[in-house]
Amino acid sequence: MKYLLVILFIYGLCIIVVNGSRTTNKINIWNDLDPNHKHTTLFVHCKSKTIDKGRQELPWGKLYQFPVKETWLRNTLFWCTLRHGPGYTIGQQFDAYKYTGVPQGSDYDWIAREDGIYFRVNRGTIRKVHNWKPMPP
């Protein structure tokens, strides 16, 4: 009887871990560059250690999004490079997702504007977190 309880307990933990890892978060990247400027297309490239989301050219006013499935170890990391301007020579590279205790099923919004990159979680308070800098082509 004692062994049956131990087996049931371990089985329950396995179900919790597997079900918890199926919930995904979303990374949303918005191009909110000034539409009155000549170069309004945003270059986006996001990847993790094992997944490369590919290079995207995001027109003004558009959204690029992808799901992120957190591992049970809570060590998933995605970093993104955003670029704009003539020849995409103005940009920034940053960690777009890493586990910080935010509940699963959350939205990570990154908004590219002329003066920098802004961030918010779950439609919360938006704040500027990165300035643009010159980047080699």
# chains A, B, ... in the order shown; residues from 1 in each chain; ligands from 1
>>> residues_around(residues="region 48-50 of chain A", least_positions_apart="4", cutoff="12 Å", atoms="only C-alpha atoms", output="list in words")
Gly54, Val68, Lys69, Glu70, Asn75, Thr76, Leu77, Phe78, Trp79, Cys80, Thr81, Phe94, Asp95, Ala96, Tyr97 and Lys98 of chain A
>>> write_last_selection(atoms="N, CA, C and O atoms", output="mmCIF file, in the first residue's frame")
data_model
loop_
_atom_site.group_PDB
_atom_site.id
_atom_site.type_symbol
_atom_site.label_atom_id
_atom_site.label_comp_id
_atom_site.auth_asym_id
_atom_site.auth_seq_id
_atom_site.Cartn_x
_atom_site.Cartn_y
_atom_site.Cartn_z
ATOM 1 N N GLY A 54 13.807 32.789 -37.838
ATOM 2 C CA GLY A 54 14.042 33.331 -39.175
ATOM 3 C C GLY A 54 13.991 34.850 -39.193
ATOM 4 O O GLY A 54 13.587 35.495 -38.236
ATOM 5 N N VAL A 68 5.929 30.830 -27.237
ATOM 6 C CA VAL A 68 7.100 30.343 -26.507
ATOM 7 C C VAL A 68 6.604 29.346 -25.477
ATOM 8 O O VAL A 68 5.805 29.692 -24.607
ATOM 9 N N LYS A 69 7.075 28.130 -25.605
ATOM 10 C CA LYS A 69 6.708 27.096 -24.638
ATOM 11 C C LYS A 69 7.804 27.011 -23.590
ATOM 12 O O LYS A 69 8.958 26.716 -23.905
ATOM 13 N N GLU A 70 7.458 27.305 -22.368
ATOM 14 C CA GLU A 70 8.428 27.275 -21.272
ATOM 15 C C GLU A 70 8.727 25.829 -20.899
ATOM 16 O O GLU A 70 7.844 24.984 -20.858
ATOM 17 N N ASN A 75 13.966 27.621 -18.027
ATOM 18 C CA ASN A 75 15.204 28.208 -18.519
ATOM 19 C C ASN A 75 15.133 28.600 -19.995
ATOM 20 O O ASN A 75 16.162 28.773 -20.639
ATOM 21 N N THR A 76 13.937 28.743 -20.540
ATOM 22 C CA THR A 76 13.785 29.145 -21.936
ATOM 23 C C THR A 76 14.250 30.587 -22.104
ATOM 24 O O THR A 76 13.943 31.448 -21.295
ATOM 25 N N LEU A 77 14.998 30.833 -23.167
ATOM 26 C CA LEU A 77 15.507 32.169 -23.460
ATOM 27 C C LEU A 77 15.393 32.413 -24.963
ATOM 28 O O LEU A 77 15.825 31.588 -25.761
ATOM 29 N N PHE A 78 14.758 33.522 -25.340
ATOM 30 C CA PHE A 78 14.730 33.988 -26.725
ATOM 31 C C PHE A 78 15.347 35.371 -26.757
ATOM 32 O O PHE A 78 15.042 36.198 -25.902
ATOM 33 N N TRP A 79 16.206 35.630 -27.709
ATOM 34 C CA TRP A 79 16.722 36.975 -27.897
ATOM 35 C C TRP A 79 16.372 37.410 -29.312
ATOM 36 O O TRP A 79 16.230 36.605 -30.215
ATOM 37 N N CYS A 80 16.187 38.706 -29.455
ATOM 38 C CA CYS A 80 15.779 39.256 -30.742
ATOM 39 C C CYS A 80 16.693 40.410 -31.133
ATOM 40 O O CYS A 80 17.210 41.131 -30.282
ATOM 41 N N THR A 81 16.847 40.564 -32.430
ATOM 42 C CA THR A 81 17.512 41.716 -32.999
ATOM 43 C C THR A 81 16.474 42.476 -33.804
ATOM 44 O O THR A 81 15.807 41.897 -34.656
ATOM 45 N N PHE A 94 18.434 42.155 -27.788
ATOM 46 C CA PHE A 94 18.031 42.063 -26.391
ATOM 47 C C PHE A 94 17.355 40.720 -26.124
ATOM 48 O O PHE A 94 16.934 40.026 -27.045
ATOM 49 N N ASP A 95 17.275 40.373 -24.840
ATOM 50 C CA ASP A 95 16.523 39.181 -24.426
ATOM 51 C C ASP A 95 15.041 39.517 -24.492
ATOM 52 O O ASP A 95 14.566 40.370 -23.744
ATOM 53 N N ALA A 96 14.327 38.855 -25.379
ATOM 54 C CA ALA A 96 12.900 39.125 -25.546
ATOM 55 C C ALA A 96 12.053 38.261 -24.620
ATOM 56 O O ALA A 96 10.915 38.597 -24.319
ATOM 57 N N TYR A 97 12.619 37.123 -24.173
ATOM 58 C CA TYR A 97 11.888 36.262 -23.252
ATOM 59 C C TYR A 97 12.853 35.495 -22.377
ATOM 60 O O TYR A 97 13.782 34.859 -22.869
ATOM 61 N N LYS A 98 12.641 35.592 -21.109
ATOM 62 C CA LYS A 98 13.253 34.687 -20.147
ATOM 63 C C LYS A 98 12.318 34.644 -18.951
ATOM 64 O O LYS A 98 11.630 35.620 -18.641
#
>>> select_by_dssp(residues="chain A", states="alpha helix (DSSP H)", output="number ranges by chain")
A: 2-20
>>> select_by_dssp(residues="region 16-126 of chain A", states="strand (DSSP E)", output="number ranges by chain")
A: 24-31, 42-47, 52-58, 63-69, 77-84, 90-98, 107-113, 116-121
>>> atom_distance(atom1="CA of Gly116 (chain A)", atom2="CA of Pro136 (chain A)")
17.7 Å
>>> residues_around(residues="Trp132 (chain A)", least_positions_apart="6", cutoff="8 Å", atoms="only C-alpha atoms", output="ChimeraX atom specification")
/A:90-92,115-117
>>> write_last_selection(atoms="N, CA, C and O atoms", output="mmCIF file, in the first residue's frame")
data_model
loop_
_atom_site.group_PDB
_atom_site.id
_atom_site.type_symbol
_atom_site.label_atom_id
_atom_site.label_comp_id
_atom_site.auth_asym_id
_atom_site.auth_seq_id
_atom_site.Cartn_x
_atom_site.Cartn_y
_atom_site.Cartn_z
ATOM 1 N N ILE A 90 20.447 50.878 -37.854
ATOM 2 C CA ILE A 90 20.079 51.316 -36.507
ATOM 3 C C ILE A 90 19.348 50.149 -35.860
ATOM 4 O O ILE A 90 18.408 49.604 -36.445
ATOM 5 N N GLY A 91 19.775 49.731 -34.684
ATOM 6 C CA GLY A 91 19.136 48.549 -34.113
ATOM 7 C C GLY A 91 19.414 48.338 -32.644
ATOM 8 O O GLY A 91 19.985 49.190 -31.963
ATOM 9 N N GLN A 92 19.017 47.150 -32.205
ATOM 10 C CA GLN A 92 19.227 46.740 -30.820
ATOM 11 C C GLN A 92 19.026 45.232 -30.738
ATOM 12 O O GLN A 92 18.144 44.676 -31.395
ATOM 13 N N ASP A 115 12.018 56.469 -31.019
ATOM 14 C CA ASP A 115 12.944 56.813 -29.938
ATOM 15 C C ASP A 115 13.449 55.611 -29.151
ATOM 16 O O ASP A 115 14.211 55.761 -28.209
ATOM 17 N N GLY A 116 13.005 54.390 -29.508
ATOM 18 C CA GLY A 116 13.493 53.213 -28.804
ATOM 19 C C GLY A 116 12.503 52.073 -28.814
ATOM 20 O O GLY A 116 11.506 52.082 -29.546
ATOM 21 N N ILE A 117 12.766 51.100 -27.968
ATOM 22 C CA ILE A 117 11.947 49.896 -27.882
ATOM 23 C C ILE A 117 11.252 49.886 -26.526
ATOM 24 O O ILE A 117 11.887 50.063 -25.486
#
>>> atom_distance(atom1="CA of Val121 (chain A)", atom2="CA of Asp107 (chain A)")
5.7 Å
>>> closest_residue(among="A:His84, A:Lys26, A:Lys53, A:Lys133", to="Gly105 (chain A)", atoms="only C-alpha atoms")
A:Lys26
>>> closest_residue(among="A:Leu33, A:Leu82, A:Leu73, A:Ile111", to="Tyr99 (chain A)", atoms="only C-alpha atoms")
A:Leu73
>>> residues_around(residues="Asp109 (chain A)", least_positions_apart="3", cutoff="12 Å", atoms="only C-alpha atoms", output="PyMOL selection string")
chain A and resi 25-32+63-66+96-97+106+112+117-129
>>> closest_residue(among="A:Pro137, A:Arg55, A:Pro86, A:Arg74", to="Thr100 (chain A)", atoms="only C-alpha atoms")
A:Arg74
>>> residues_around(residues="Thr41 (chain A)", least_positions_apart="3", cutoff="6 Å", atoms="only C-alpha atoms", output="MDAnalysis selection string")
chainID A and resid 58:60
>>> write_last_selection(atoms="N, CA and C atoms", output="mmCIF file, in the first residue's frame")
data_model
loop_
_atom_site.group_PDB
_atom_site.id
_atom_site.type_symbol
_atom_site.label_atom_id
_atom_site.label_comp_id
_atom_site.auth_asym_id
_atom_site.auth_seq_id
_atom_site.Cartn_x
_atom_site.Cartn_y
_atom_site.Cartn_z
ATOM 1 N N LEU A 58 9.056 43.520 -41.225
ATOM 2 C CA LEU A 58 7.741 43.863 -40.701
ATOM 3 C C LEU A 58 7.363 45.281 -41.143
ATOM 4 N N PRO A 59 6.347 45.405 -42.006
ATOM 5 C CA PRO A 59 5.923 46.745 -42.441
ATOM 6 C C PRO A 59 5.341 47.545 -41.277
ATOM 7 N N TRP A 60 5.295 48.855 -41.470
ATOM 8 C CA TRP A 60 4.748 49.741 -40.453
ATOM 9 C C TRP A 60 3.323 49.307 -40.062
#
>>> atom_distance(atom1="CA of Met135 (chain A)", atom2="CA of Thr89 (chain A)")
5.0 Å
>>> decode(residues="region 100-128 of chain A", atoms="C-alpha atoms", output="PDB file, in the first residue's frame")
ATOM      1  CA  THR A 100      10.728  35.918 -14.522  1.00  0.00           C
ATOM      2  CA  GLY A 101       7.823  34.407 -12.618  1.00  0.00           C
ATOM      3  CA  VAL A 102       5.150  35.764 -14.973  1.00  0.00           C
ATOM      4  CA  PRO A 103       2.236  33.293 -15.221  1.00  0.00           C
ATOM      5  CA  GLN A 104       2.072  30.977 -18.213  1.00  0.00           C
ATOM      6  CA  GLY A 105      -0.250  32.177 -20.967  1.00  0.00           C
ATOM      7  CA  SER A 106       1.174  35.712 -20.840  1.00  0.00           C
ATOM      8  CA  ASP A 107       1.803  38.171 -23.671  1.00  0.00           C
ATOM      9  CA  TYR A 108       5.208  39.859 -23.940  1.00  0.00           C
ATOM     10  CA  ASP A 109       4.710  42.981 -26.068  1.00  0.00           C
ATOM     11  CA  TRP A 110       7.728  44.669 -27.657  1.00  0.00           C
ATOM     12  CA  ILE A 111       6.925  47.915 -29.470  1.00  0.00           C
ATOM     13  CA  ALA A 112       9.472  49.521 -31.824  1.00  0.00           C
ATOM     14  CA  ARG A 113       9.171  53.313 -31.968  1.00  0.00           C
ATOM     15  CA  GLU A 114      11.429  56.026 -33.349  1.00  0.00           C
ATOM     16  CA  ASP A 115      12.944  56.813 -29.938  1.00  0.00           C
ATOM     17  CA  GLY A 116      13.493  53.213 -28.804  1.00  0.00           C
ATOM     18  CA  ILE A 117      11.947  49.896 -27.882  1.00  0.00           C
ATOM     19  CA  TYR A 118       9.130  49.658 -25.366  1.00  0.00           C
ATOM     20  CA  PHE A 119       7.898  46.685 -23.325  1.00  0.00           C
ATOM     21  CA  ARG A 120       4.830  45.536 -21.425  1.00  0.00           C
ATOM     22  CA  VAL A 121       3.416  42.266 -20.102  1.00  0.00           C
ATOM     23  CA  ASN A 122      -0.266  41.356 -20.443  1.00  0.00           C
ATOM     24  CA  ARG A 123      -1.371  44.803 -21.618  1.00  0.00           C
ATOM     25  CA  GLY A 124       0.089  46.345 -18.463  1.00  0.00           C
ATOM     26  CA  THR A 125       2.078  49.524 -18.135  1.00  0.00           C
ATOM     27  CA  ILE A 126       4.256  50.225 -21.143  1.00  0.00           C
ATOM     28  CA  ARG A 127       7.794  51.461 -20.532  1.00  0.00           C
ATOM     29  CA  LYS A 128      10.818  52.256 -22.657  1.00  0.00           C
TER      30      LYS A 128
END
